[in-house]
Each structure stands twice: as structure tokens, then as C-alpha cells.
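Structure record follows, encoded as C-alpha cells.
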Amino acid sequence: MSRQVFATPRVSNLLGLSNLELRDLGRSSLDSVVLGQPQLLFLRGGPIQIQSLYEGSRGPAAARLIGVTAFINGRAGLGPDIEGAVRQALHKPPTVTVVRPRRPIVVGRPVELRLVGKNARSADVTITSSEGSERASVAISSGGGRVRWVPTAAGSARVRVEARGLDGSRVTARTALHVLGRPPAIRLTRAPRRAVVGRPVRAVFKAGHSVGAVAEVASAGGIEFTRRYVIHDGTGFVEWTPRTPGRAVLSVRADGHDGQSARDSVRITVARAPPVAPPPTVTLLETPHVAIVGRASEIAFRAGGCREVVARIDADREPRRVWRFRCAARPITLVWSPTRPGTHLLTVSARGSRGTTSQATAPLRAERPR
């Protein structure tokens, strides 16, 4: 049985290859094959001889196990262990399966294709797409292997795997994969973290590889703002005026060509609007019914909620007269002496602390003395 095992091409070829690899190792080279004690197992299908092979040495190196041979019904096998040798002797054909990735396959994103094989040593993988073909070789003697692939084109891709078995036979597996286009991208490039009720808010976002975008603002009271954009690669703007104080979330979403989407968001704290000061008040208390040219006439008024009061009198062909006063709780009085007869216009303006103004007007008639 041992002679028939060594006469089998697969065993003799392996031993010849090992001899070439070990020929130039020097004094500690492994230059002889040592046979282990044959073990006979008598089964229903006939006897099986199991025998270990070792590489011996003339030097100090220890012997190393080459493999295990099995001889069954006139057929020999060689493997790393008893199970592998028996499988080869029984001529079990190899099998290989391509495990489809769980995650979607996207252009530009690396993908690991997992191969599961039995009774196989290695596999040649060919991936074909519209951009061409890529080839790789992977060892699957331990039961599996992985191939890394970076898709470069959207659409269909075909995977062909040719596995070589322990008994020298070959088997082919095929599968088709669908590659999605590049996913959309979106990013808020400028957005406020704080806002005030009633004051407009402006945010900027940038989208790419998209067919459109949606901006939305949600608060405790619900959706306050929604807007859609037709944007492919570019910049969009969000303008929103908060209505209620509290926490709000501004989110933007970009939609891709293959149903993909990308999001970005920012939390905004909305404060209550500060109290608005009432506008100043101006009340005319006393104006002359008829003013006499050259004689003094008193004009009295009251102004509240202001910092400064300005009174002016305008008339045709006469310079404007202007008086300035500080705002006070008591009535304010000014003295005016007309220089020409005719109709004049009195205007009293009060200016508030936040830039608000109020004014009161009244016509004045001046006559010559009789």
C-alpha cells in the first residue's frame, strides 16, 4: 500500500517540490522523508491505510510533519490531516460559494467578498463591470477567504470564482451584484446655535451627488419650517424666523439617485424676545391761537418715555427755528417770537432709548400788530 501511495502523482509531485525547496538550506536541510507507522482501519467499504510523512534532517533541526496519506480502495490521498487525506482519496469534488455582502455596495466604498470553500485549495476571482475586469487569487484551503474590491462604476457587476480542489478538479461559481452610485453628501457649513423669537435665522449648507435636498426645523410645538431644494452639487440657504422659545433642531437631508440619503443637523436654543419699550409720547399742551409779530408767545408740551425732545417751527421765507430739551416729567415751555406774518408749522419730536420716535404737529398763525 505504501508503494502505491508514493506512486500516486499527487503524492510524488508534492515530495519532489518539497525536495527542491529544501535543497539549498545547508547543513540543517531536511533531505529525507521519514514514514510514520502505517495504521490500518477496517471499515465496511474496505480497509484504509493511514500513514504520516515527516521530513528528516542530518543536522540539528527537528523533523517536521509534511502531511498524512490515506489509501482507500486503490486511491491515494494526501492532506494536512487525516480528514483532508481521506477526502482527497475519496475524490470529493471542491465546492465554493460567494457570500453576498449585507451592506449595500456603493461606488468608491471598499467591499469584502467572502468565499466559503470545501475540499479546495485556492480560487481565482474575476469581477467584471462596465469599467472592465479585475482579477485576484485567494487561498481557501482553510475553508474560506476574502477578496477586497472597490467598485468604480454604478450598475451590475458579475463575479466569477474558479476553485481548485484537493483532488485536482475545478469548480466554478458565479453571482451578480448591484452597485449603487456615489451616496449623497450634505453638511451644515454655517448655522447658529442660539436664536431669538421673532428675529430671522440664516443657515448655510453644502450638498453633493444629490437630486434634491430638504430643510426642516422642529421644536417642541412640532414642525415650524420645511423647504425643498432642487440642488445637485452646490450651496443652499435656510432662512427661518423662530415663533416659540425653547430647543429647536435644524436638519438638512440630501437625497441621492438610488434612494440613498444623507443628513446633518444642529441644535438651536431659542430665547424669548426681550420686552419692547413703548414708544415715547408727545402731547401739545398750549399753542397760541394767533401770534403777534415781534411779541413773545409761549408754547407748552409734555413728552414721556424719551431721551431728547426737539421742537422746530418752519415757515416760508423764514429760517427754521429749533429748540432742544431733555425729556422730563414736567411740562416743557418754549418762547417764540414770529418775525413775519403768515402760517407756520410747529413740530415736536421725542426720541426713545431704542431709536423709536413720536411727534406732534400744529399750525401757528402770525399777524402784524394792529
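Naming scheme: A, B, ... for chains in displayed order of the C-alpha cells; residues 1 onward per chain; ligands 1 onward as shown.
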Neighbour list for Thr339 (chain A) as a list of chain:residue names, cut-off 10 Å, only C-alpha atoms, skip fewer than 4 positions in-chain: A:Ile292, A:Val293, A:Gly294, A:Arg295, A:Glu318, A:Ala366, A:Glu367, A:Arg368
Include N, CA, C and O atoms and write out the residues we just selected as a JSON list (two decimals), in the first residue's frame.
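Written file, part-v1.json:
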[["chain", "number", "residue", "atom", "x", "y", "z"],
["A", 292, "ILE", "N", -48.45, 137.35, 17.54],
["A", 292, "ILE", "CA", -48.24, 138.70, 17.02],
["A", 292, "ILE", "C", -46.76, 138.84, 16.70],
["A", 292, "ILE", "O", -45.88, 138.47, 17.50],
["A", 293, "VAL", "N", -46.50, 139.35, 15.50],
["A", 293, "VAL", "CA", -45.11, 139.55, 15.07],
["A", 293, "VAL", "C", -44.40, 140.47, 16.05],
["A", 293, "VAL", "O", -44.92, 141.55, 16.40],
["A", 294, "GLY", "N", -43.23, 140.02, 16.49],
["A", 294, "GLY", "CA", -42.42, 140.81, 17.39],
["A", 294, "GLY", "C", -42.74, 140.61, 18.84],
["A", 294, "GLY", "O", -42.03, 141.15, 19.70],
["A", 295, "ARG", "N", -43.81, 139.88, 19.17],
["A", 295, "ARG", "CA", -44.16, 139.63, 20.56],
["A", 295, "ARG", "C", -43.92, 138.15, 20.90],
["A", 295, "ARG", "O", -44.13, 137.27, 20.08],
["A", 318, "GLU", "N", -38.56, 132.11, 5.83],
["A", 318, "GLU", "CA", -38.08, 132.42, 7.18],
["A", 318, "GLU", "C", -37.22, 131.25, 7.66],
["A", 318, "GLU", "O", -37.57, 130.08, 7.45],
["A", 366, "ALA", "N", -49.39, 133.77, 12.48],
["A", 366, "ALA", "CA", -48.80, 135.02, 13.00],
["A", 366, "ALA", "C", -49.36, 136.22, 12.20],
["A", 366, "ALA", "O", -49.51, 136.15, 10.98],
["A", 367, "GLU", "N", -49.68, 137.32, 12.93],
["A", 367, "GLU", "CA", -50.23, 138.51, 12.31],
["A", 367, "GLU", "C", -49.42, 139.72, 12.78],
["A", 367, "GLU", "O", -48.78, 139.69, 13.83],
["A", 368, "ARG", "N", -49.56, 140.79, 11.97],
["A", 368, "ARG", "CA", -48.90, 142.03, 12.37],
["A", 368, "ARG", "C", -49.69, 142.70, 13.48],
["A", 368, "ARG", "O", -50.90, 142.52, 13.59]]
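Between CA of Leu65 (chain A) and CA of Gly84 (chain A) the separation is 14.4 Å.
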Best match for closeness to Gly67 (chain A) among A:Pro104, A:Val11, A:Val96, A:Gly304, counting only C-alpha atoms: A:Val11
Distance query Val106 (chain A) at most 9 Å, only C-alpha atoms, self and fewer than 3 positions along chain excluded, as a PyMOL selection string: chain A and resi 109-111+150-154+178-183
Next, write the just-selected residues to a file, as a tab-separated table (two decimals), in the first residue's frame, keeping C-alpha atoms as the atom set.
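Once written, out_17.tsv looks like this:
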chain	number	residue	atom	x	y	z
A	109	ARG	CA	-16.62	52.24	-0.85
A	110	PRO	CA	-14.39	49.14	-0.32
A	111	VAL	CA	-16.24	45.81	-0.30
A	150	VAL	CA	-13.53	48.92	-4.66
A	151	PRO	CA	-16.37	49.48	-7.17
A	152	THR	CA	-15.73	52.25	-9.70
A	153	ALA	CA	-18.99	52.26	-11.68
A	154	ALA	CA	-22.68	52.02	-10.79
A	178	HIS	CA	-25.81	45.60	-7.97
A	179	VAL	CA	-23.63	48.64	-7.36
A	180	LEU	CA	-25.24	51.90	-6.27
A	181	GLY	CA	-23.93	55.27	-7.36
A	182	ARG	CA	-21.96	57.53	-5.06
A	183	PRO	CA	-24.04	58.39	-1.99
Nearby residues (only C-alpha atoms) at most 7 Å from region 332-334 of chain A, same-chain spacing under 6 positions excluded, as an NGL selection string: :A and (298-302)
For region 197-202 of chain A, please output as a JSON list (two decimals) with all heavy atoms, in the first residue's frame all residues within 6 Å (counting only C-alpha atoms; exclusion window: fewer than 2 positions along the same chain).
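Result saved to selection-v9.json:
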[["chain", "number", "residue", "atom", "x", "y", "z"],
["A", 238, "VAL", "N", -30.94, 78.48, 4.35],
["A", 238, "VAL", "CA", -32.15, 78.31, 5.14],
["A", 238, "VAL", "C", -32.40, 79.60, 5.88],
["A", 238, "VAL", "O", -31.53, 80.08, 6.62],
["A", 238, "VAL", "CB", -32.02, 77.14, 6.14],
["A", 238, "VAL", "CG1", -33.30, 76.99, 6.95],
["A", 238, "VAL", "CG2", -31.72, 75.84, 5.40],
["A", 239, "GLU", "N", -33.59, 80.17, 5.69],
["A", 239, "GLU", "CA", -33.98, 81.39, 6.41],
["A", 239, "GLU", "C", -35.27, 81.08, 7.17],
["A", 239, "GLU", "O", -36.28, 80.72, 6.56],
["A", 239, "GLU", "CB", -34.17, 82.56, 5.44],
["A", 239, "GLU", "CG", -32.87, 83.02, 4.80],
["A", 239, "GLU", "CD", -33.06, 84.25, 3.92],
["A", 239, "GLU", "OE1", -34.23, 84.58, 3.65],
["A", 239, "GLU", "OE2", -32.05, 84.85, 3.52],
["A", 240, "TRP", "N", -35.21, 81.25, 8.48],
["A", 240, "TRP", "CA", -36.33, 80.85, 9.34],
["A", 240, "TRP", "C", -36.43, 81.84, 10.49],
["A", 240, "TRP", "O", -35.43, 82.30, 11.03],
["A", 240, "TRP", "CB", -36.08, 79.42, 9.85],
["A", 240, "TRP", "CG", -36.80, 79.05, 11.10],
["A", 240, "TRP", "CD1", -38.14, 78.93, 11.28],
["A", 240, "TRP", "CD2", -36.20, 78.75, 12.38],
["A", 240, "TRP", "NE1", -38.42, 78.56, 12.56],
["A", 240, "TRP", "CE2", -37.26, 78.43, 13.26],
["A", 240, "TRP", "CE3", -34.89, 78.69, 12.83],
["A", 240, "TRP", "CZ2", -37.03, 78.08, 14.59],
["A", 240, "TRP", "CZ3", -34.66, 78.35, 14.15],
["A", 240, "TRP", "CH2", -35.73, 78.05, 15.01],
["A", 241, "THR", "N", -37.67, 82.16, 10.87],
["A", 241, "THR", "CA", -37.92, 83.07, 11.98],
["A", 241, "THR", "C", -38.57, 82.29, 13.11],
["A", 241, "THR", "O", -39.69, 81.79, 12.96],
["A", 241, "THR", "CB", -38.83, 84.23, 11.56],
["A", 241, "THR", "OG1", -38.21, 84.95, 10.47],
["A", 241, "THR", "CG2", -39.06, 85.18, 12.71],
["A", 242, "PRO", "N", -37.90, 82.09, 14.24],
["A", 242, "PRO", "CA", -38.49, 81.32, 15.35],
["A", 242, "PRO", "C", -39.78, 81.97, 15.87],
["A", 242, "PRO", "O", -39.88, 83.20, 15.96],
["A", 242, "PRO", "CB", -37.38, 81.33, 16.41],
["A", 242, "PRO", "CG", -36.13, 81.67, 15.67],
["A", 242, "PRO", "CD", -36.53, 82.55, 14.54],
["A", 243, "ARG", "N", -40.72, 81.10, 16.23],
["A", 243, "ARG", "CA", -42.00, 81.58, 16.76],
["A", 243, "ARG", "C", -42.15, 81.32, 18.26],
["A", 243, "ARG", "O", -42.90, 82.02, 18.93],
["A", 243, "ARG", "CB", -43.16, 80.91, 16.02],
["A", 243, "ARG", "CG", -43.20, 81.19, 14.54],
["A", 243, "ARG", "CD", -44.55, 80.78, 13.97],
["A", 243, "ARG", "NE", -44.83, 79.38, 14.17],
["A", 243, "ARG", "CZ", -44.57, 78.43, 13.29],
["A", 243, "ARG", "NH1", -44.01, 78.75, 12.13],
["A", 243, "ARG", "NH2", -44.87, 77.16, 13.55],
["A", 272, "ARG", "N", -36.49, 83.88, 24.50],
["A", 272, "ARG", "CA", -37.65, 84.78, 24.37],
["A", 272, "ARG", "C", -37.19, 86.15, 23.87],
["A", 272, "ARG", "O", -36.08, 86.59, 24.16],
["A", 272, "ARG", "CB", -38.35, 84.93, 25.71],
["A", 272, "ARG", "CG", -38.97, 83.65, 26.24],
["A", 272, "ARG", "CD", -39.70, 83.90, 27.55],
["A", 272, "ARG", "NE", -40.28, 82.67, 28.06],
["A", 272, "ARG", "CZ", -41.47, 82.20, 27.71],
["A", 272, "ARG", "NH1", -42.21, 82.87, 26.82],
["A", 272, "ARG", "NH2", -41.91, 81.08, 28.23],
["A", 273, "ALA", "N", -38.06, 86.81, 23.15],
["A", 273, "ALA", "CA", -37.74, 88.15, 22.67],
["A", 273, "ALA", "C", -37.72, 89.12, 23.85],
["A", 273, "ALA", "O", -38.57, 89.03, 24.75],
["A", 273, "ALA", "CB", -38.76, 88.60, 21.63]]
Ile50 (chain A) environment, 9 Å, only C-alpha atoms, sequence neighbours closer than 6 positions dropped, as a list of chain:residue names: A:Gln37, A:Pro38, A:Gln39, A:Leu40, A:Leu41, A:Val68, A:Thr69, A:Ala70, A:Phe71, A:Ile82, A:Ala85, A:Val86
Output the selection as a PDB file, in the first residue's frame - C-alpha atoms for each residue.
ATOM      1  CA  GLN A  37       3.912   3.731  11.332  1.00  0.00           C
ATOM      2  CA  PRO A  38       1.058   2.666   8.995  1.00  0.00           C
ATOM      3  CA  GLN A  39      -2.319   2.407  10.643  1.00  0.00           C
ATOM      4  CA  LEU A  40      -4.995   0.122   9.152  1.00  0.00           C
ATOM      5  CA  LEU A  41      -8.669   0.789   9.720  1.00  0.00           C
ATOM      6  CA  VAL A  68      -0.854  12.480   6.198  1.00  0.00           C
ATOM      7  CA  THR A  69      -1.531   9.914   3.450  1.00  0.00           C
ATOM      8  CA  ALA A  70      -4.636   7.825   3.082  1.00  0.00           C
ATOM      9  CA  PHE A  71      -5.136   4.797   0.798  1.00  0.00           C
ATOM     10  CA  ILE A  82      -6.499  12.511   8.306  1.00  0.00           C
ATOM     11  CA  ALA A  85      -6.270  12.980   3.167  1.00  0.00           C
ATOM     12  CA  VAL A  86      -9.417  10.811   3.224  1.00  0.00           C
TER      13      VAL A  86
END
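Here the question is which of A:Ala195, A:Ala254, A:Val322, A:Val99 gets nearest to Thr269 (chain A) using only C-alpha atoms, and that residue is A:Ala195.
Comparing the minimum interatomic distances between Val335 (chain A) and each of A:Val98, A:Leu250, A:Ala218, A:Ala296, counting only C-alpha atoms, we find that A:Ala296 sits nearest.
The coordinates place CA of Ala136 (chain A) at 8.5 Å from CA of Ala123 (chain A).
As for CA of Ile127 (chain A) and CA of Ala157 (chain A), they are spaced 6.8 Å apart.
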Surrounding residues of Glu162 (chain A) excluding itself and chain neighbours under 4 positions, 7 Å, only C-alpha atoms, as a PDB file with C-alpha atoms, in the first residue's frame:
ATOM      1  CA  ALA A 123      -9.623  30.223  -6.080  1.00  0.00           C
ATOM      2  CA  ASP A 124      -9.283  32.720  -8.903  1.00  0.00           C
ATOM      3  CA  VAL A 125     -11.796  35.578  -8.664  1.00  0.00           C
ATOM      4  CA  ARG A 170     -12.018  22.615 -10.627  1.00  0.00           C
ATOM      5  CA  VAL A 171     -15.420  24.100  -9.930  1.00  0.00           C
ATOM      6  CA  THR A 172     -16.915  27.479 -10.874  1.00  0.00           C
ATOM      7  CA  ALA A 173     -19.360  29.734  -9.002  1.00  0.00           C
TER       8      ALA A 173
END
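Nearest to Thr356 (chain A) of all the residues A:Gly132, A:Gly117, A:Pro280, A:Gly155 is A:Pro280, based on only C-alpha atoms.
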